[in-house]
Structures are given as structure tokens and as C-alpha cells.
$ cat coords-v8.pdb   # PDB, C-alpha atoms
ATOM      1  CA  MET A1372       0.000   0.000   0.000
ATOM      2  CA  LEU A1373       2.872   2.384   0.722
ATOM      3  CA  ALA A1374       4.403   1.578  -2.665
ATOM      4  CA  GLY A1375       1.053   1.901  -4.422
ATOM      5  CA  LEU A1376       0.933  -1.758  -5.481
ATOM      6  CA  GLU A1377      -2.210  -2.290  -3.381
ATOM      7  CA  ARG A1378      -5.058   0.099  -2.597
ATOM      8  CA  PRO A1379      -6.137   0.338   1.050
ATOM      9  CA  ASP A1380      -9.807  -0.255   1.874
ATOM     10  CA  ALA A1381      -9.932   2.878   4.012
ATOM     11  CA  GLY A1382      -7.771   5.612   5.496
ATOM     12  CA  SER A1383      -5.098   7.759   3.925
ATOM     13  CA  ILE A1384      -1.347   7.622   3.241
ATOM     14  CA  SER A1385       0.855  10.697   3.091
ATOM     15  CA  ILE A1386       4.592  11.378   3.047
ATOM     16  CA  ASN A1387       5.938  14.783   4.077
ATOM     17  CA  GLU A1388       2.352  16.083   4.043
ATOM     18  CA  ARG A1389       1.953  14.968   0.420
ATOM     19  CA  VAL A1390      -1.180  12.805   0.129
ATOM     20  CA  LEU A1391      -0.566   9.619  -1.834
ATOM     21  CA  ASN A1392      -3.855   7.907  -1.151
ATOM     22  CA  ASP A1393      -7.219   8.882   0.316
ATOM     23  CA  ASP A1394     -10.885   8.826  -0.741
ATOM     24  CA  THR A1395     -10.226  11.081  -3.732
ATOM     25  CA  THR A1396      -6.511  10.665  -4.470
ATOM     26  CA  PHE A1397      -4.350   7.823  -5.758
ATOM     27  CA  VAL A1398      -0.787   8.562  -6.849
ATOM     28  CA  LYS A1399       0.595   5.922  -9.205
ATOM     29  CA  PRO A1400       3.578   3.896  -7.923
ATOM     30  CA  GLU A1401       6.016   5.430 -10.415
ATOM     31  CA  HIS A1402       5.190   8.932  -9.167
ATOM     32  CA  ARG A1403       5.502   8.264  -5.424
ATOM     33  CA  ARG A1404       9.288   8.626  -5.056
ATOM     34  CA  ILE A1405       9.427   5.373  -3.106
ATOM     35  CA  GLY A1406      12.193   2.792  -3.520
ATOM     36  CA  LEU A1407      11.370  -0.882  -3.028
ATOM     37  CA  VAL A1408      13.709  -3.808  -2.393
ATOM     38  CA  PHE A1409      11.891  -7.117  -2.822
ATOM     39  CA  GLN A1410      12.600 -10.191  -0.705
ATOM     40  CA  ASP A1411      14.005 -12.038  -3.752
ATOM     41  CA  TYR A1412      15.747  -8.855  -5.013
ATOM     42  CA  ALA A1413      13.955  -9.020  -8.432
ATOM     43  CA  LEU A1414      17.025  -7.957 -10.414
ATOM     44  CA  PHE A1415      16.772  -7.884 -14.200
ATOM     45  CA  PRO A1416      18.656 -11.049 -15.214
ATOM     46  CA  HIS A1417      19.671  -9.745 -18.656
ATOM     47  CA  LEU A1418      21.155  -6.472 -17.344
ATOM     48  CA  THR A1419      24.566  -5.983 -15.754
ATOM     49  CA  VAL A1420      24.998  -4.615 -12.247
ATOM     50  CA  ALA A1421      25.638  -1.135 -13.612
ATOM     51  CA  GLN A1422      22.604  -1.350 -15.907
ATOM     52  CA  ASN A1423      20.338  -2.586 -13.112
ATOM     53  CA  ILE A1424      21.338   0.354 -10.939
ATOM     54  CA  ALA A1425      21.100   2.816 -13.831
ATOM     55  CA  TYR A1426      17.519   1.646 -14.439
ATOM     56  CA  GLY A1427      16.497   3.096 -11.090
ATOM     57  CA  ALA A1428      18.700   6.165 -11.379
ATOM     58  CA  LYS A1429      16.514   8.129 -13.812
ATOM     59  CA  GLY A1430      19.432  10.167 -15.058
ATOM     60  CA  GLU A1431      21.287  10.371 -11.742
ATOM     61  CA  ASP A1432      24.989   9.429 -11.558
ATOM     62  CA  THR A1433      25.429   5.899 -10.165
ATOM     63  CA  GLY A1434      29.202   5.886  -9.731
ATOM     64  CA  GLY A1435      29.002   6.977  -6.118
ATOM     65  CA  LEU A1436      26.587   4.208  -5.200
ATOM     66  CA  LEU A1437      28.773   1.562  -6.835
ATOM     67  CA  ALA A1438      31.695   2.731  -4.735
ATOM     68  CA  GLU A1439      29.770   3.158  -1.478
ATOM     69  CA  LEU A1440      28.289  -0.328  -1.682
ATOM     70  CA  ASP A1441      31.569  -1.919  -2.833
ATOM     71  CA  LEU A1442      30.153  -2.931  -6.216
ATOM     72  CA  GLU A1443      32.655  -1.316  -8.609
ATOM     73  CA  ALA A1444      34.399  -4.612  -9.350
ATOM     74  CA  CYS A1445      31.035  -6.208 -10.177
ATOM     75  CA  ALA A1446      29.704  -3.458 -12.439
ATOM     76  CA  ALA A1447      29.927  -5.512 -15.650
ATOM     77  CA  ARG A1448      28.601  -8.790 -14.194
ATOM     78  CA  LEU A1449      25.140 -10.254 -14.604
ATOM     79  CA  PRO A1450      23.021 -11.085 -11.514
ATOM     80  CA  HIS A1451      23.565 -14.849 -11.772
ATOM     81  CA  GLU A1452      27.313 -14.254 -11.454
ATOM     82  CA  LEU A1453      26.912 -12.571  -8.063
ATOM     83  CA  SER A1454      26.766 -13.904  -4.516
ATOM     84  CA  GLY A1455      23.630 -13.446  -2.436
ATOM     85  CA  GLY A1456      25.168 -10.543  -0.557
ATOM     86  CA  GLN A1457      26.198  -8.820  -3.773
ATOM     87  CA  GLN A1458      22.711  -9.240  -5.270
ATOM     88  CA  GLN A1459      21.225  -7.741  -2.147
ATOM     89  CA  ARG A1460      23.505  -4.705  -2.391
ATOM     90  CA  VAL A1461      22.671  -4.257  -6.078
ATOM     91  CA  ALA A1462      18.942  -4.306  -5.284
ATOM     92  CA  LEU A1463      19.524  -1.710  -2.562
ATOM     93  CA  ALA A1464      21.610   0.477  -4.870
ATOM     94  CA  ARG A1465      18.933   0.319  -7.583
ATOM     95  CA  ALA A1466      16.254   1.352  -5.091
ATOM     96  CA  MET A1467      18.381   4.212  -3.743
ATOM     97  CA  ALA A1468      19.578   5.434  -7.142
ATOM     98  CA  GLY A1469      16.496   7.570  -7.780
ATOM     99  CA  ARG A1470      16.943   9.335  -4.413
ATOM    100  CA  PRO A1471      13.552   8.249  -3.034
ATOM    101  CA  ASP A1472      11.779   9.970  -0.159
ATOM    102  CA  VAL A1473      11.127   6.560   1.440
ATOM    103  CA  LEU A1474      12.786   3.192   1.017
ATOM    104  CA  LEU A1475      10.843  -0.052   1.580
ATOM    105  CA  LEU A1476      12.743  -3.247   2.430
ATOM    106  CA  ASP A1477      10.896  -6.570   2.419
ATOM    107  CA  GLU A1478      12.808  -9.186   4.478
ATOM    108  CA  PRO A1479      16.062  -8.075   2.778
ATOM    109  CA  PHE A1480      18.334 -10.542   4.611
ATOM    110  CA  SER A1481      16.173 -13.670   4.607
ATOM    111  CA  ASN A1482      17.998 -15.277   1.655
ATOM    112  CA  LEU A1483      21.438 -14.933   3.226
ATOM    113  CA  ASP A1484      23.195 -17.383   5.515
ATOM    114  CA  THR A1485      23.721 -16.321   9.118
ATOM    115  CA  GLN A1486      27.319 -15.104   8.887
ATOM    116  CA  LEU A1487      26.752 -13.202   5.636
ATOM    117  CA  ARG A1488      23.491 -11.766   6.961
ATOM    118  CA  HIS A1489      25.260 -10.079   9.865
ATOM    119  CA  ARG A1490      27.959  -8.575   7.634
ATOM    120  CA  VAL A1491      25.549  -7.321   4.958
ATOM    121  CA  ARG A1492      23.184  -5.983   7.630
ATOM    122  CA  GLU A1493      25.957  -3.837   9.094
ATOM    123  CA  GLN A1494      26.900  -2.525   5.647
ATOM    124  CA  MET A1495      23.296  -1.690   4.828
ATOM    125  CA  ALA A1496      22.671  -0.002   8.176
ATOM    126  CA  ALA A1497      25.708   2.241   7.717
ATOM    127  CA  GLN A1498      24.661   3.139   4.168
ATOM    128  CA  LEU A1499      21.066   3.933   5.097
ATOM    129  CA  ARG A1500      22.065   6.097   8.050
ATOM    130  CA  ALA A1501      24.542   7.976   5.873
ATOM    131  CA  SER A1502      21.899   8.565   3.195
ATOM    132  CA  GLY A1503      19.293   9.883   5.644
ATOM    133  CA  ILE A1504      16.502   8.139   3.695
ATOM    134  CA  THR A1505      13.483   7.183   5.803
ATOM    135  CA  THR A1506      13.314   3.399   5.618
ATOM    136  CA  VAL A1507      10.532   0.937   6.406
ATOM    137  CA  LEU A1508      11.880  -2.566   7.054
ATOM    138  CA  VAL A1509       9.673  -5.654   7.324
ATOM    139  CA  THR A1510      11.278  -8.507   9.261
ATOM    140  CA  HIS A1511      10.344 -11.486  11.421
ATOM    141  CA  ASP A1512      13.751 -11.370  13.125
ATOM    142  CA  GLN A1513      13.229  -9.514  16.417
ATOM    143  CA  ALA A1514      16.950  -9.026  17.023
ATOM    144  CA  GLU A1515      17.283  -7.529  13.570
ATOM    145  CA  ALA A1516      14.450  -5.087  14.206
ATOM    146  CA  LEU A1517      15.829  -4.013  17.582
ATOM    147  CA  HIS A1518      19.325  -3.579  16.161
ATOM    148  CA  LEU A1519      18.475  -1.626  13.006
ATOM    149  CA  ALA A1520      15.446   0.492  13.760
ATOM    150  CA  ASP A1521      14.885   3.824  15.459
ATOM    151  CA  GLU A1522      11.269   2.768  15.961
ATOM    152  CA  VAL A1523       9.686  -0.689  15.880
ATOM    153  CA  ALA A1524       6.044  -1.556  15.255
ATOM    154  CA  VAL A1525       4.838  -4.959  16.459
ATOM    155  CA  MET A1526       1.767  -6.111  14.535
ATOM    156  CA  PHE A1527      -0.751  -8.835  15.298
ATOM    157  CA  ASP A1528      -3.649  -9.692  12.976
ATOM    158  CA  GLY A1529      -2.989  -6.650  10.805
ATOM    159  CA  ARG A1530      -3.046  -4.160  13.684
ATOM    160  CA  VAL A1531      -0.208  -2.329  15.415
ATOM    161  CA  ALA A1532       0.027  -3.549  19.011
ATOM    162  CA  GLN A1533       2.882  -1.206  19.950
ATOM    163  CA  LEU A1534       5.042   1.397  18.213
ATOM    164  CA  ALA A1535       8.106   2.452  20.199
ATOM    165  CA  ALA A1536      11.863   2.826  20.290
ATOM    166  CA  PRO A1537      13.605  -0.574  20.573
ATOM    167  CA  ARG A1538      14.616  -0.111  24.222
ATOM    168  CA  ILE A1539      11.094   0.924  25.247
ATOM    169  CA  LEU A1540       9.581  -1.970  23.314
ATOM    170  CA  TYR A1541      11.885  -4.474  24.982
ATOM    171  CA  ASP A1542      11.868  -3.102  28.526
ATOM    172  CA  GLN A1543       8.321  -1.733  28.683
ATOM    173  CA  PRO A1544       6.046  -3.745  26.364
ATOM    174  CA  VAL A1545       2.370  -2.768  26.504
ATOM    175  CA  SER A1546       1.324  -6.382  27.041
ATOM    176  CA  THR A1547       2.759  -9.782  27.851
ATOM    177  CA  ARG A1548       1.924 -10.820  24.287
ATOM    178  CA  VAL A1549       4.130  -8.088  22.827
ATOM    179  CA  GLY A1550       6.863  -8.717  25.390
ATOM    180  CA  SER A1551       6.876 -12.476  24.776
ATOM    181  CA  PHE A1552       7.009 -11.927  21.012
ATOM    182  CA  VAL A1553      10.000  -9.595  21.231
ATOM    183  CA  GLY A1554      12.657 -11.681  22.930
ATOM    184  CA  GLU A1555      12.545 -14.323  25.630
ATOM    185  CA  ALA A1556      10.265 -13.756  28.628
ATOM    186  CA  ASN A1557       9.033 -15.312  31.859
ATOM    187  CA  VAL A1558       5.438 -14.592  32.930
ATOM    188  CA  LEU A1559       4.330 -15.477  36.475
ATOM    189  CA  PRO A1560       1.051 -14.975  38.347
ATOM    190  CA  GLY A1561       1.222 -12.514  41.214
ATOM    191  CA  THR A1562      -0.713 -10.241  43.530
ATOM    192  CA  GLN A1563       0.087  -6.551  43.655
ATOM    193  CA  SER A1564      -0.523  -3.813  46.212
ATOM    194  CA  GLY A1565       0.784  -0.398  45.236
ATOM    195  CA  PHE A1566       4.324  -0.817  43.939
ATOM    196  CA  GLU A1567       4.882  -4.178  45.641
ATOM    197  CA  VAL A1568       4.042  -7.432  43.903
ATOM    198  CA  THR A1569       4.263 -10.884  45.457
ATOM    199  CA  CYS A1570       4.868 -13.949  43.298
ATOM    200  CA  GLU A1571       6.675 -17.262  43.472
ATOM    201  CA  LEU A1572      10.035 -15.477  43.438
ATOM    202  CA  GLY A1573       9.228 -13.309  46.461
ATOM    203  CA  THR A1574       8.092  -9.717  46.971
ATOM    204  CA  LEU A1575       9.323  -7.529  44.128
ATOM    205  CA  ARG A1576       9.254  -3.861  43.189
ATOM    206  CA  ALA A1577       6.908  -3.059  40.283
ATOM    207  CA  ALA A1578       7.336  -0.252  37.765
ATOM    208  CA  VAL A1579       3.641   0.721  37.836
ATOM    209  CA  GLN A1580       1.268   0.994  40.798
ATOM    210  CA  ARG A1581      -1.587  -1.527  40.694
ATOM    211  CA  SER A1582      -3.885  -3.509  42.965
ATOM    212  CA  GLY A1583      -5.051  -7.110  42.706
ATOM    213  CA  PRO A1584      -4.096 -10.136  40.592
ATOM    214  CA  VAL A1585      -1.428  -9.425  37.960
ATOM    215  CA  GLN A1586       0.910 -11.071  35.518
ATOM    216  CA  VAL A1587       4.556 -10.491  36.445
ATOM    217  CA  PHE A1588       6.790 -10.052  33.403
ATOM    218  CA  LEU A1589      10.496 -10.919  33.734
ATOM    219  CA  ARG A1590      13.214 -10.978  31.111
ATOM    220  CA  PRO A1591      15.696 -13.888  31.498
ATOM    221  CA  GLU A1592      18.530 -11.425  32.198
ATOM    222  CA  ALA A1593      16.562 -10.048  35.175
ATOM    223  CA  LEU A1594      17.048 -13.358  37.017
ATOM    224  CA  ILE A1595      20.195 -14.227  38.960
ATOM    225  CA  VAL A1596      20.809 -17.917  39.587
ATOM    226  CA  ARG A1597      23.256 -19.511  41.992
ATOM    227  CA  PRO A1598      23.770 -23.126  43.058
ATOM    228  CA  LYS A1599      22.134 -23.918  46.386
ATOM    229  CA  LYS A1600      21.348 -27.364  47.740
ATOM    230  CA  ASP A1601      18.078 -26.269  49.316
ATOM    231  CA  GLY A1602      17.111 -23.971  46.445
ATOM    232  CA  ALA A1603      13.573 -23.992  45.046
ATOM    233  CA  GLY A1604      14.498 -24.913  41.481
ATOM    234  CA  THR A1605      16.321 -27.533  39.444
ATOM    235  CA  VAL A1606      18.349 -26.915  36.286
ATOM    236  CA  THR A1607      16.896 -28.956  33.420
ATOM    237  CA  GLN A1608      18.984 -27.639  30.521
ATOM    238  CA  THR A1609      21.800 -25.187  29.737
ATOM    239  CA  ASP A1610      22.194 -23.684  26.261
ATOM    240  CA  TYR A1611      25.729 -22.337  25.855
ATOM    241  CA  PHE A1612      26.339 -19.650  23.194
ATOM    242  CA  GLY A1613      29.836 -18.496  24.121
ATOM    243  CA  HIS A1614      29.122 -14.891  25.066
ATOM    244  CA  ASP A1615      26.152 -15.982  27.172
ATOM    245  CA  GLN A1616      24.129 -19.016  28.207
ATOM    246  CA  MET A1617      20.436 -19.693  28.727
ATOM    247  CA  VAL A1618      19.698 -21.743  31.838
ATOM    248  CA  HIS A1619      16.356 -23.566  31.955
ATOM    249  CA  ILE A1620      14.988 -24.098  35.458
ATOM    250  CA  LYS A1621      12.000 -26.018  36.769
ATOM    251  CA  MET A1622      10.699 -24.796  40.095
ATOM    252  CA  ASP A1623       9.380 -27.266  42.671
ATOM    253  CA  SER A1624       5.916 -25.876  41.911
ATOM    254  CA  GLY A1625       6.261 -26.940  38.275
ATOM    255  CA  THR A1626       6.862 -23.405  36.943
ATOM    256  CA  GLU A1627       9.488 -23.293  34.185
ATOM    257  CA  LEU A1628      11.848 -20.321  33.979
ATOM    258  CA  ARG A1629      14.660 -19.206  31.676
ATOM    259  CA  CYS A1630      17.635 -17.254  32.949
ATOM    260  CA  SER A1631      20.272 -15.556  30.764
ATOM    261  CA  MET A1632      23.768 -15.514  32.240
ATOM    262  CA  PRO A1633      27.266 -14.539  31.012
ATOM    263  CA  GLY A1634      29.062 -17.327  29.202
ATOM    264  CA  ALA A1635      32.029 -16.983  31.566
ATOM    265  CA  PHE A1636      29.866 -17.763  34.593
ATOM    266  CA  PRO A1637      30.860 -21.035  36.311
ATOM    267  CA  ASP A1638      29.107 -24.079  34.901
ATOM    268  CA  ILE A1639      25.646 -24.836  36.179
ATOM    269  CA  PHE A1640      24.846 -28.395  35.206
ATOM    270  CA  ARG A1641      21.638 -30.308  34.760
ATOM    271  CA  GLN A1642      20.028 -31.476  37.997
ATOM    272  CA  HIS A1643      21.785 -28.789  40.038
ATOM    273  CA  ARG A1644      19.557 -27.251  42.684
ATOM    274  CA  VAL A1645      19.540 -23.465  42.446
ATOM    275  CA  ALA A1646      18.175 -20.359  44.135
ATOM    276  CA  ILE A1647      16.807 -17.480  42.067
ATOM    277  CA  ARG A1648      16.506 -13.798  42.800
ATOM    278  CA  VAL A1649      15.258 -10.869  40.706
ATOM    279  CA  SER A1650      17.740  -8.072  40.033
ATOM    280  CA  ARG A1651      15.501  -5.292  38.732
ATOM    281  CA  ILE A1652      12.135  -3.554  38.885
ATOM    282  CA  VAL A1653       9.492  -5.649  37.092
ATOM    283  CA  GLN A1654       6.645  -4.901  34.723
ATOM    284  CA  THR A1655       3.166  -6.097  35.719
ATOM    285  CA  TYR A1656      -0.103  -6.384  33.823
ATOM    286  CA  PRO A1657      -3.718  -6.825  35.020
ATOM    287  CA  VAL A1658      -4.878 -10.393  34.569
ATOM    288  CA  SER A1659      -8.170  -9.270  33.020
ATOM    289  CA  GLU A1660      -6.459  -7.306  30.241
ATOM    290  CA  THR A1661      -4.499  -8.503  27.235
ATOM    291  CA  SER A1662      -2.960  -5.073  26.771
ATOM    292  CA  SER A1663      -2.097  -2.400  29.263
ATOM    293  CA  SER A1664      -0.720   1.082  28.694
ATOM    294  CA  LEU A1665       2.347   2.047  30.662
TER     295      LEU A1665
END
$ encode --input "coords-v8.pdb" --output "C-alpha cells"
Amino acid sequence: MLAGLERPDAGSISINERVLNDDTTFVKPEHRRIGLVFQDYALFPHLTVAQNIAYGAKGEDTGGLLAELDLEACAARLPHELSGGQQQRVALARAMAGRPDVLLLDEPFSNLDTQLRHRVREQMAAQLRASGITTVLVTHDQAEALHLADEVAVMFDGRVAQLAAPRILYDQPVSTRVGSFVGEANVLPGTQSGFEVTCELGTLRAAVQRSGPVQVFLRPEALIVRPKKDGAGTVTQTDYFGHDQMVHIKMDSGTELRCSMPGAFPDIFRQHRVAIRVSRIVQTYPVSETSSSL
């Protein structure tokens, strides 16, 4: 709809106060000054790299883009002669060549392997920030969204559940559904009075004043685990990632928790009994609501 390839059923779309779509207006895609990078790149197979980029340039010089995106050595090659990362950069250069007001990226890294994805993502982020072009990125990778974006919109069933800066979205989600979707999360039942909330992990300090039954929302990194013979939990699994590790714990009550710890922390093995404490102020949500404003 932003690109003009679909017409919305209702509402309006405008960029810099220029109306692109409303009840009486529909600006054709080619007149919107919007660049679009498709998930499969959609390069013209019969055109060279330079020709693909020149197609989107509309008379603009493309030499600078070739250099900035490290594509000068590939200028005379055809798309099938390029790696996935190179094709992705060509698609980006073609979309940026016409100096669009807005750039749309549809899952731009999904066709790349993990190592290449990280490298190309860093290159693209640097290029986009240098260009100053407003960019809308669609991704199912939460880490990617948090890393790249100035603002993130989480959508469920076609509706925006929360629009916020990455840190706000992660630390202060408007609901347990949003918080559990963006990163790992532990959700426990509790009872709150004022700023104090009592749950299985003890009496904790809450970020928002409430009263009555609540859901207590805890990120794995908010939990501190230490071996203790008479602790209330048992380690069931440890996932080691080098820089950190995710420790899975089953409480005596049956509650399952996940705790993120530094990779250098002494080994905590399966079947170890552990004690758990909470290291930060927690977010809480009324049990009767699926979404709560903070």
C-alpha cells in the first residue's frame, strides 16, 4: 500500500504532508518517489549490475553508489554471477539510485546465511544512516528489528500492538503478548498492592502501581541464579552460546523459567539445585487485560 501496489480499503497515506492515497486521491507507484527492495531482489537477469542500478537512477549518476556499496568490481557482471550478498547490495543500490523519499525493504536478509546476513546488515545499516533516507523494514527477526530500527512496530492480525523505540519496546512492552514476542520472557502470576508485587520469586518492586491479581513479566537477564542445595528450582537444561548461556529451570511448583547468564559464569549443570533472585524492577499487567498502557 505504501508503494502503491495495493489500494487500502480505508484511510489515507501521506509522506511529508503529500497525500498519496485517500478517498479522492491515488498517486501511481512510479510517481511516489518510493524505492522498493523485494525479498528475492527481483534484479533484471539480462542487465549488468551497472545497468540494473542505472535503471532506477533516472538520469542520476550511479558511480558513487557503486563505490559506497563496494560494487565497482562487479559493475559488468550479470546477476547470476553474483553472490547473495552482492545481489542484495545491487537491489539496494537500484532502489536508492532515484533518491527516493522513502525506502521499503521486504525481508532483505532472509535469503542470506547467518554469517553473511550479519555482515551485509551492518553494511546496509551504515549506508542507510549515511543517506538519511526514511526506511521501512519488514522482518520477522526480532533481534534484527531491535538492532536496526529507530522505531519498531509490532503487529498482530494486521493491527499495530505497539510502536516504540527498541529499548522501550523491549523493557516496557504494553502487554505480555508483545513482550513475549519480542525476545525471551518469563510470565508469572502474582498479587500486587501499590508498587509491591508478590509472586513465586518473592516480593518484588513493580514499575507501575496496581492492585489485585497481575501477571509479572520478567526478562531472562533479570534473574540471577546460583547453586544452592536447598534452592527452590532444578536446572533442566543449559544452552551455551559463548558470550552468554540460557539456563532452563523447573521450580518445585512446576513453573518453568529461563535465565540468561554470562558465558564466563561457572558451569551450572543439569540437575543442580539453584536459588533465584530478581535483580531489577518488574513490569506487571492486570490479569483481566491482554494489553495495558504504561
$ residues_near_point --input "coords-v8.pdb" --point "(-3.6, 11.5, 0.6)" --cutoff "7 Å" --atoms "only C-alpha atoms" --output "VMD selection string"
chain A and resid 1383 to 1385 1389 to 1393 1396
$ residues_around --input "coords-v8.pdb" --residues "A:Met1467" --least-positions-apart "2" --cutoff "12 Å" --atoms "only C-alpha atoms" --output "MDAnalysis selection string"
chainID A and resid 1404:1408 1423:1429 1431:1433 1435:1437 1439:1440 1460:1465 1469:1476 1495 1498:1499 1502:1506
$ resolve_selection --input "coords-v8.pdb" --expression "the PyMOL selection byres ((chain A and resi 1576-1584) around 9)" --output "list in words"
Pro1560, Gly1561, Thr1562, Gln1563, Ser1564, Gly1565, Phe1566, Glu1567, Val1568, Thr1569, Thr1574, Leu1575, Val1585, Gln1586, Val1587, Arg1651, Ile1652, Val1653, Gln1654, Thr1655, Tyr1656, Pro1657, Val1658, Ser1659 and Leu1665 of chain A
$ atom_distance --input "coords-v8.pdb" --atom1 "atom CA of A:Asp1512" --atom2 "atom CA of A:Gln1486"
14.7 Å
$ residues_around --input "coords-v8.pdb" --residues "A:Gln1642" --least-positions-apart "4" --cutoff "10 Å" --atoms "all atoms listed in the file" --output "VMD selection string"
chain A and resid 1604 to 1608 1620 to 1621
$ atom_distance --input "coords-v8.pdb" --atom1 "atom CA of A:Cys1445" --atom2 "atom CA of A:Val1420"
6.6 Å
$ residues_near_point --input "coords-v8.pdb" --point "(16.6, -12.4, 35.8)" --cutoff "12 Å" --atoms "all atoms listed in the file" --output "short mmCIF file (atom, residue, chain, number, x, y, z; two decimals) with C-alpha atoms, keeping the file's coordinate frame"
data_model
loop_
_atom_site.label_atom_id
_atom_site.label_comp_id
_atom_site.auth_asym_id
_atom_site.auth_seq_id
_atom_site.Cartn_x
_atom_site.Cartn_y
_atom_site.Cartn_z
CA GLU A 1555 12.54 -14.32 25.63
CA ALA A 1556 10.26 -13.76 28.63
CA ASN A 1557 9.03 -15.31 31.86
CA VAL A 1558 5.44 -14.59 32.93
CA LEU A 1572 10.04 -15.48 43.44
CA PHE A 1588 6.79 -10.05 33.40
CA LEU A 1589 10.50 -10.92 33.73
CA ARG A 1590 13.21 -10.98 31.11
CA PRO A 1591 15.70 -13.89 31.50
CA GLU A 1592 18.53 -11.42 32.20
CA ALA A 1593 16.56 -10.05 35.17
CA LEU A 1594 17.05 -13.36 37.02
CA ILE A 1595 20.20 -14.23 38.96
CA VAL A 1596 20.81 -17.92 39.59
CA ARG A 1597 23.26 -19.51 41.99
CA MET A 1617 20.44 -19.69 28.73
CA VAL A 1618 19.70 -21.74 31.84
CA HIS A 1619 16.36 -23.57 31.96
CA ILE A 1620 14.99 -24.10 35.46
CA LEU A 1628 11.85 -20.32 33.98
CA ARG A 1629 14.66 -19.21 31.68
CA CYS A 1630 17.64 -17.25 32.95
CA SER A 1631 20.27 -15.56 30.76
CA MET A 1632 23.77 -15.51 32.24
CA PRO A 1633 27.27 -14.54 31.01
CA ALA A 1646 18.18 -20.36 44.14
CA ILE A 1647 16.81 -17.48 42.07
CA ARG A 1648 16.51 -13.80 42.80
CA VAL A 1649 15.26 -10.87 40.71
CA SER A 1650 17.74 -8.07 40.03
CA ARG A 1651 15.50 -5.29 38.73
CA ILE A 1652 12.14 -3.55 38.88
CA VAL A 1653 9.49 -5.65 37.09
#
$ resolve_selection --input "coords-v8.pdb" --expression "the PyMOL selection byres ((chain A and resi 1543-1545) around 10)" --output "short mmCIF file (atom, residue, chain, number, x, y, z; two decimals) with C-alpha atoms, in the frame of the given file"
data_model
loop_
_atom_site.label_atom_id
_atom_site.label_comp_id
_atom_site.auth_asym_id
_atom_site.auth_seq_id
_atom_site.Cartn_x
_atom_site.Cartn_y
_atom_site.Cartn_z
CA ALA A 1532 0.03 -3.55 19.01
CA GLN A 1533 2.88 -1.21 19.95
CA LEU A 1534 5.04 1.40 18.21
CA ALA A 1535 8.11 2.45 20.20
CA PRO A 1537 13.60 -0.57 20.57
CA ARG A 1538 14.62 -0.11 24.22
CA ILE A 1539 11.09 0.92 25.25
CA LEU A 1540 9.58 -1.97 23.31
CA TYR A 1541 11.88 -4.47 24.98
CA ASP A 1542 11.87 -3.10 28.53
CA SER A 1546 1.32 -6.38 27.04
CA THR A 1547 2.76 -9.78 27.85
CA ARG A 1548 1.92 -10.82 24.29
CA VAL A 1549 4.13 -8.09 22.83
CA GLY A 1550 6.86 -8.72 25.39
CA SER A 1551 6.88 -12.48 24.78
CA PHE A 1552 7.01 -11.93 21.01
CA VAL A 1553 10.00 -9.60 21.23
CA ALA A 1578 7.34 -0.25 37.76
CA PHE A 1588 6.79 -10.05 33.40
CA VAL A 1653 9.49 -5.65 37.09
CA GLN A 1654 6.64 -4.90 34.72
CA THR A 1655 3.17 -6.10 35.72
CA TYR A 1656 -0.10 -6.38 33.82
CA THR A 1661 -4.50 -8.50 27.24
CA SER A 1662 -2.96 -5.07 26.77
CA SER A 1663 -2.10 -2.40 29.26
CA SER A 1664 -0.72 1.08 28.69
CA LEU A 1665 2.35 2.05 30.66
#
$ resolve_selection --input "coords-v8.pdb" --expression "the PyMOL selection byres ((chain A and resi 1480) around 12)" --output "PyMOL selection string"
chain A and resi 1408-1412+1455-1460+1462-1463+1476-1479+1481-1496+1508-1512+1515-1516
$ atom_distance --input "coords-v8.pdb" --atom1 "atom CA of A:Ala1497" --atom2 "atom CA of A:Ala1468"
16.4 Å
